[in-house]
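Participant: Structure provided below as structure tokens; questions to follow.
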Amino acid sequence: MSGQSASSRLLPWLVVGFGFLVLALSYSGRATLGLVMPTVEQDMGWTRTFLSGSVAVSLIVMAVLAPLAGVLVDRHGPRMALIVGTLIIALGSFAVAVSDGPIGFLLAFGGLSAIGHGVAAYHVVSAAVAQLFTRNLGLATGIATSGSTAGQFLIVPLIAGVLVVYGWRWSFVVVGVGCLVLVPVLWRLLPKHGPRAVIARGRDEGRSSLTADLRHVLRRPAFHILFWSFFICGYTTTGIIETHLIPFAAFCGFGPIPSANAYGILSAVNMAGMILVGWLTDRM
């Protein structure tokens with residue numbers, strides 16, 4: 001009994017830790033295009049408009065997939081969603097690395113990689129954490145989701161070094177290899193059962209349809225507060241800063257490594273803020 005009790009206490013924090021790692025790689029993979037954008041323009045002759053459009057297509061694909069990824073977590077638990085998303089990111093990163101034409105690049109980054117980023121994302125990790133915590137939920141969510149900025153603090157400068165020495169294609173290879181290494185770890189250490197098998201909710205939660213669930217959440221004011229806040233964040237943070245800050249630094253004459261380091265410092269401050277706000281949420 002004591003062993004089972006210890007295991008049940010450890011499980012939620014395992015999900016937090018692995019959610020942190022998955023988001024670190026996922027969001028670093030997304031940020032890689034912004035890092036290599038000036039080099040890809042020179043190497044392939046593609047326009048900034050085309051590359052920015054690839055990011056826009058990727059974000060649309062992620063938005064469409066978000067409810068389906070939530071259903072995957074509800075029905076099969078976080079393990080399946082995180083493994084599938086991370087594996088698809090790996091395949092998409094390798095596809096980007098070997099793409100030679102604009103159509104192949106768009107399908108690889110705006111299609112395959114975007115599917116992985118849409119599954120291994122904030123909403124999946126947040127939902128998984130919310131299903132496992134009854135106390136310190138804000139802190140746990142803040143730590144887990146701060147992996148998105150921690151990865152950009154630690155991994156993006158490393159990718160910048162690879163870019164300078166080996167070129168932009170190898171930058172995506174590094175992301176793909178990192179994801180492939182993480183997949184068997186997730187498979188081995190995360191539990192197979194879904195979250196509802198671990199923590200009872202005290203009521204019968206039968207399976208409902210996606211349509212019924214969407215109708216339910218669309219009637220809730222809290223959903224709209226979050227949705228439209230993240231909509232603005234997606235336009236400003238993801239659409240502008242994550243995509244164009246490093247290319248703008250290159251336009252101003254900064255090289256990839258100092259640009260990535262500056263971006264990393266920004267991400268580190270963001271990470272600290274996310275954890276602090278999560279802690280405050282539990283208290284305020």
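Identifiers for the structure tokens are assigned positionally: chains receive A, B, ... in sequence, residues are indexed from 1 per chain, and ligands are indexed from 1 in the order shown.
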Can you list, as number ranges by chain, every protein, DNA or RNA residue that comes within 7 Å of A:Ala69 when you count only C-alpha atoms, leaving out same-chain residues fewer than 6 positions away?
Facilitator: A: 81, 119, 124
Participant: Keeping only N, CA and C atoms, write the selected residues as a tab-separated table (two decimals), in the first residue's frame.
Facilitator:
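Once written, part.tsv looks like this:
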chain	number	residue	atom	x	y	z
A	81	ALA	N	-0.61	11.12	-25.91
A	81	ALA	CA	-0.55	12.40	-26.60
A	81	ALA	C	0.89	12.92	-26.69
A	119	VAL	N	-0.01	18.78	-31.02
A	119	VAL	CA	-0.31	17.74	-30.02
A	119	VAL	C	0.59	17.91	-28.79
A	124	VAL	N	-2.26	20.43	-24.12
A	124	VAL	CA	-2.19	19.03	-23.73
A	124	VAL	C	-1.53	18.90	-22.36
Participant: Each residue of stretch 79-113 of chain A with at least one atom at most 12 Å from stretch 39-60 of chain A should appear once, together with its nearest atom pair and the corresponding distance in Å (one decimal); atoms considered: only C-alpha atoms; ordering: chain, then increasing residue number; output as CSV.
Facilitator:
residue,atom,partner,partner_atom,distance
A:Gly92,CA,A:Ser58,CA,11.6
A:Val96,CA,A:Val40,CA,11.4
A:Ala97,CA,A:Val40,CA,11.1
A:Ser99,CA,A:Met44,CA,10.4
A:Asp100,CA,A:Met44,CA,8.0
A:Gly101,CA,A:Met44,CA,8.3
A:Pro102,CA,A:Trp46,CA,7.7
A:Ile103,CA,A:Ser54,CA,10.0
A:Gly104,CA,A:Ser54,CA,11.1
A:Phe105,CA,A:Ser54,CA,8.3
A:Leu106,CA,A:Ser54,CA,5.8
A:Leu107,CA,A:Ser54,CA,8.8
A:Ala108,CA,A:Ser54,CA,9.5
A:Phe109,CA,A:Ser58,CA,6.8
A:Gly110,CA,A:Ser58,CA,4.1
A:Gly111,CA,A:Ser58,CA,6.5
A:Leu112,CA,A:Ser58,CA,8.9
A:Ser113,CA,A:Ser58,CA,7.8
Participant: Using only C-alpha atoms, which residues sit within 12 Å of A:Leu91 once same-chain residues fewer than 3 positions away are excluded, as number ranges by chain?
Facilitator: A: 29, 84-88, 94-98, 107-109, 111-117, 172-180, 183
Participant: If DSSP is run on the backbone, what residues of stretch 126-268 of chain A are alpha helix (DSSP H)? A reply as an NGL selection string would be ideal.
Facilitator: :A and (126-130 or 137-145 or 147-166 or 168-189 or 210-218 or 221-233 or 243-251 or 256-268)
Participant: Compare A:Gly138, A:Gly264, A:Pro12, A:Gly253 by their minimum atom-to-atom distance to A:Ala150, counting only C-alpha atoms, and give me the closest one.
Facilitator: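 That would be A:Gly264, the residue with the smallest distance to A:Ala150.
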Participant: Find the spatial neighbours of stretch 17-25 of chain A, counting only C-alpha atoms, within a cut-off of 8 Å - ignore same-chain residues fewer than 3 positions away - and output them as a list in words.
Facilitator: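 Once the adjacent positions are removed, what remains is Trp13, Leu14, Ser28, Gly29, Leu82, Thr86, Ala120, Ala121, Tyr122, Val125, Ile143, Ala144, Thr145, Ser146, Gly147, Ser148, Thr149, Ala150, Gly151, Gln152, Ile155, Val175, Gly178, Cys179, Leu182 and Leu186 of chain A.
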Participant: From the set A:Gly34, A:Pro221, A:Pro184, A:Pro157, which residue has the shortest atom-to-atom contact distance to A:His244, counting only C-alpha atoms?
Facilitator: A:Gly34
Participant: I'd like the interatomic distance between atom CA of A:Leu35 and atom CA of A:Met271, to a tenth of an Å.
Facilitator: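 Interatomic distance here is 19.5 Å.
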Participant: What is the atom CA of A:Val16-atom CA of A:Val129 distance in Å, reported with one decimal?
Facilitator: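 Separating atom CA of A:Val16 from atom CA of A:Val129 is a distance of 6.6 Å.
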Participant: Closest to A:Ala249 among A:Trp168, A:Thr32, A:Phe230, A:Tyr263, using only C-alpha atoms?
Facilitator: A:Tyr263
